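Encoded as structure tokens, the structure appears first; notes follow it.
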Amino acid sequence: MLQVTRHPDRAVRLRRLRRTDTMRELVRETRLHPHQFVYPMFVRGGRHVREPIPSMPGQFRFSVDEAVADADALRGLGINAVLLFGLPDAKDPAGSGAYADDGIVQQAARALRAEHPDLIVMTDVCLCEYTTHGHCGLVRDGEVDNDATLEVLGRTAVTQAVAGADVVAPSAMMDGQVAAIRRALDEAGCQHVAIMGYSAKYASAFYGPFRDAAGSAPQFGDRRGYQMNPPNAREAEREVAQDLSEGADIVMVKPALPYLDVLHRIRHAVTAPLAAYNVSGEYAMVKAAVQQGWLDERRTVLELLTAIARAGADLIISYHARDAATWLGPR
Ligand code: PBG
């Protein structure tokens, strides 16, 4: 840090640069822009369906046609990327809906790709929304079987890529998932498709509303056997290093706000693009307080998203993205 000797009668007055809006904007260190936002979308079957999600006010389960229509609105706000989660009509123990050629995410990716050629379509690669037991991988003898799951995740990523995904995002927290997916994509001729690893994904209470929305809560046990233990920060560096060595193009810290220290630490540890996932529970907390009249939504959300960017995120995945883009103004 630069050492400055202070002239005894020339007082430092940091307030000089805070006097006006334009002055504050001039020296502002962190800026938000809709181009860095990724909007998560839940897609389901049916037509003309926009089904509100009770624990996530302002969020919907969209049928494919509605998701396509919504993407128009998002592009108008300057949001160029969506992350798709699928709500299949039926589930089974093997999670076969995840890798069906006409699975719900595959249908949505195909439709979005057809209507919006330069929209960045990202897809979640995981089994929990598709399995009857709700775990992120295949269950053998009451345990999630890491290596058997890898093959299924690879198949899932390939069907999504073939349907039009630009970026596949494995969130199952299986060891070796990035390498397995990279290999499967390359063998299928999808060398151009990028991988965003949910590298440091913690076993968090903040996924509650998402599991409501996706009907993906585990039916026995919990996810602590594969997701990271919240007290660990050094381990996040190991997870990120591992994903990068396996070929991840983008790495992620998730959730965002309770893990800003981890985000900051990873920012300094690696040069790869870094994503932060501002998850469902973080969103629900803000919405609940706003509904009570206890917080001002616009100021709260912009402050939180700015904090995530300041901590080091390049990409911000957030359910607040469309509101924030609206507030940030026309692009
Ligand atoms: C797993 C997945 C989850 C989220 C994203 N991908 C749920 C989980 O791990 O239980 C949570 C996202 C959120 O809470 O917004 N497919």
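Going through the structure tokens in order, the chains are called A, B, and so on, while each chain numbers its residues from 1 and the ligands are numbered from 1 in the order shown.
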
- Can I get the residues close to ligand 1 as a PyMOL selection string, where close means within 9 Å and we count only C-alpha atoms and all ligand atoms? chain A and resi 40+85+124-129+134-136+169-173+198+201-211+214+216-218+223+227+254-255+277-283+317-319

- Would you please give, as a ChimeraX atom specification, all residues of range 64-229 of chain A that DSSP assigns to alpha helix (DSSP H) based on the backbone? /A:64-76,104-115,146-163,177-187,208-214

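Of the listed residues A:Ala179, A:Val152, A:Leu260, A:Ala108, the one whose atoms come nearest to Asp70 in chain A is A:Ala108, with distances taken using only C-alpha atoms.
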
- Item | Close residues, Thr132 in chain A itself excluded, 9 Å, only C-alpha atoms, min 6 positions apart in chain, as an MDAnalysis selection string | chainID A and resid 90:95 216 218:219

- For each of A:Ile195, A:Ala157, A:Val121, A:Val27, take the minimum atom-to-atom distance to Ala71 in chain A, counting only C-alpha atoms, then give the residue where this is smallest. A:Val121

- Quick one: of A:Gly164, A:Gly293, A:Gly225, A:Gly58, who's nearest to Asp145 in chain A, counting only C-alpha atoms? A:Gly225

Quick one: contact table of range 28-101 of chain A to range 113-119 of chain A, 12 Å max, nearest atom pair and distance in Å to one decimal per residue, counting only C-alpha atoms, chain and number order, as a Markdown table?
| residue | atom | partner | partner_atom | distance |
| --- | --- | --- | --- | --- |
| A:His35 | CA | A:Leu119 | CA | 11.2 |
| A:Val38 | CA | A:Leu119 | CA | 10.8 |
| A:Tyr39 | CA | A:Leu119 | CA | 11.5 |
| A:Val64 | CA | A:Glu115 | CA | 11.6 |
| A:Asp65 | CA | A:Glu115 | CA | 10.4 |
| A:Ala67 | CA | A:Glu115 | CA | 10.8 |
| A:Val68 | CA | A:Glu115 | CA | 7.2 |
| A:Ala69 | CA | A:Glu115 | CA | 9.2 |
| A:Asp70 | CA | A:His116 | CA | 11.2 |
| A:Ala71 | CA | A:His116 | CA | 8.0 |
| A:Asp72 | CA | A:His116 | CA | 8.1 |
| A:Ala73 | CA | A:His116 | CA | 11.6 |
| A:Leu74 | CA | A:Leu119 | CA | 9.8 |
| A:Arg75 | CA | A:Leu119 | CA | 8.0 |
| A:Gly76 | CA | A:Leu119 | CA | 11.6 |
| A:Gly78 | CA | A:Leu119 | CA | 10.6 |
| A:Ile79 | CA | A:Leu119 | CA | 8.8 |
| A:Asn80 | CA | A:Leu119 | CA | 5.4 |
| A:Ala81 | CA | A:Leu119 | CA | 6.0 |
| A:Val82 | CA | A:Leu119 | CA | 7.8 |
| A:Leu83 | CA | A:Leu119 | CA | 10.9 |

- Would you please work out which residue, of A:Met174, A:Ala11, A:Ala200, A:Leu32, is nearest to Val301 in chain A when using only C-alpha atoms?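 Looking only at the distances to Val301 in chain A, the closest residue turns out to be A:Leu32.
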
- Item | For Asp243 in chain A: contacts at 7 Å, only C-alpha atoms, fewer than 4 positions along chain excluded, given as a ChimeraX atom specification | /A:178,197,199,239,247-248

Selection above as a file: C-alpha atoms, as a PDB file, in the first residue's frame:
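Here's the written file selection-v9.pdb:
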ATOM      1  CA  VAL A 178     -16.423 -31.125 -15.601  1.00  0.00           C
ATOM      2  CA  GLY A 197     -18.741 -25.097 -13.270  1.00  0.00           C
ATOM      3  CA  SER A 199     -17.294 -24.983  -8.561  1.00  0.00           C
ATOM      4  CA  GLU A 239     -12.725 -26.989  -5.991  1.00  0.00           C
ATOM      5  CA  GLY A 247     -11.553 -27.704 -18.463  1.00  0.00           C
ATOM      6  CA  ALA A 248     -14.121 -25.343 -16.940  1.00  0.00           C
TER       7      ALA A 248
END

Give me the residues within 10 Å of Asp296 in chain A as a CSV table (one decimal) with N, CA, C and O atoms, in the first residue's frame, counting only C-alpha atoms and dropping any in the same chain fewer than 5 places off.
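So the final result, stored in part-v5.csv, reads:
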chain,number,residue,atom,x,y,z
A,286,VAL,N,-35.2,-10.7,0.5
A,286,VAL,CA,-35.4,-9.3,0.1
A,286,VAL,C,-36.8,-9.0,-0.2
A,286,VAL,O,-37.4,-8.0,0.3
A,287,LYS,N,-37.4,-9.9,-1.0
A,287,LYS,CA,-38.8,-9.8,-1.4
A,287,LYS,C,-39.7,-9.7,-0.1
A,287,LYS,O,-40.7,-8.9,-0.1
A,289,ALA,N,-39.0,-8.8,3.0
A,289,ALA,CA,-38.9,-7.6,3.7
A,289,ALA,C,-39.5,-6.4,2.9
A,289,ALA,O,-40.1,-5.5,3.5
A,290,VAL,N,-39.4,-6.4,1.6
A,290,VAL,CA,-40.0,-5.4,0.8
A,290,VAL,C,-41.5,-5.4,0.9
A,290,VAL,O,-42.1,-4.4,1.1
A,291,GLN,N,-42.0,-6.6,0.9
A,291,GLN,CA,-43.5,-6.7,1.0
A,291,GLN,C,-44.0,-6.2,2.4
A,291,GLN,O,-45.1,-5.7,2.5
A,301,VAL,N,-31.7,-3.9,-3.6
A,301,VAL,CA,-31.2,-4.8,-4.7
A,301,VAL,C,-29.9,-4.3,-5.4
A,301,VAL,O,-29.0,-5.0,-5.6

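In this comparison, which uses only C-alpha atoms, the residue of A:Ile104, A:Ala213, A:Ala233, A:Val12 approaching Ala284 in chain A most closely is A:Ala213.
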
If you count only C-alpha atoms, which residues fall within 7 Å of range 158-163 of chain A, apart from same-chain ones fewer than 6 positions away, as a PDB file with N, CA and C atoms, in the first residue's frame?
ATOM      1  N   TYR A  99     -31.884 -36.085 -19.661  1.00  0.00           N
ATOM      2  CA  TYR A  99     -31.130 -36.260 -20.914  1.00  0.00           C
ATOM      3  C   TYR A  99     -31.998 -36.698 -22.088  1.00  0.00           C
ATOM      4  N   ASP A 101     -33.991 -36.353 -25.427  1.00  0.00           N
ATOM      5  CA  ASP A 101     -33.824 -35.411 -26.538  1.00  0.00           C
ATOM      6  C   ASP A 101     -34.947 -34.378 -26.563  1.00  0.00           C
ATOM      7  N   GLN A 106     -34.315 -29.220 -23.109  1.00  0.00           N
ATOM      8  CA  GLN A 106     -33.915 -29.353 -24.516  1.00  0.00           C
ATOM      9  C   GLN A 106     -34.916 -28.635 -25.415  1.00  0.00           C
ATOM     10  N   ALA A 109     -34.380 -24.877 -24.949  1.00  0.00           N
ATOM     11  CA  ALA A 109     -33.133 -24.421 -25.589  1.00  0.00           C
ATOM     12  C   ALA A 109     -33.323 -24.324 -27.098  1.00  0.00           C
ATOM     13  N   ARG A 110     -34.001 -25.320 -27.662  1.00  0.00           N
ATOM     14  CA  ARG A 110     -34.237 -25.338 -29.110  1.00  0.00           C
ATOM     15  C   ARG A 110     -35.085 -24.127 -29.534  1.00  0.00           C
ATOM     16  N   ALA A 184     -17.470 -35.751 -23.060  1.00  0.00           N
ATOM     17  CA  ALA A 184     -18.701 -36.121 -23.767  1.00  0.00           C
ATOM     18  C   ALA A 184     -19.043 -35.083 -24.841  1.00  0.00           C
ATOM     19  N   LEU A 185     -18.892 -33.806 -24.509  1.00  0.00           N
ATOM     20  CA  LEU A 185     -19.190 -32.754 -25.487  1.00  0.00           C
ATOM     21  C   LEU A 185     -18.252 -32.855 -26.692  1.00  0.00           C
ATOM     22  N   ALA A 188     -19.010 -35.594 -28.996  1.00  0.00           N
ATOM     23  CA  ALA A 188     -20.251 -35.385 -29.748  1.00  0.00           C
ATOM     24  C   ALA A 188     -20.119 -34.229 -30.743  1.00  0.00           C
ATOM     25  N   CYS A 190     -19.258 -31.116 -29.976  1.00  0.00           N
ATOM     26  CA  CYS A 190     -19.686 -29.850 -29.377  1.00  0.00           C
ATOM     27  C   CYS A 190     -18.500 -29.133 -28.722  1.00  0.00           C
ATOM     28  N   VAL A 193     -19.038 -25.560 -27.244  1.00  0.00           N
ATOM     29  CA  VAL A 193     -19.909 -25.312 -26.078  1.00  0.00           C
ATOM     30  C   VAL A 193     -19.061 -25.166 -24.819  1.00  0.00           C
TER      31      VAL A 193
END

- Query: Per DSSP on the backbone, what are the strand (DSSP E) residues of range 78-208 of chain A, as an MDAnalysis selection string?
  - Reply: chainID A and resid 81:86 120:125 139:140 143:144 167:170 194:201
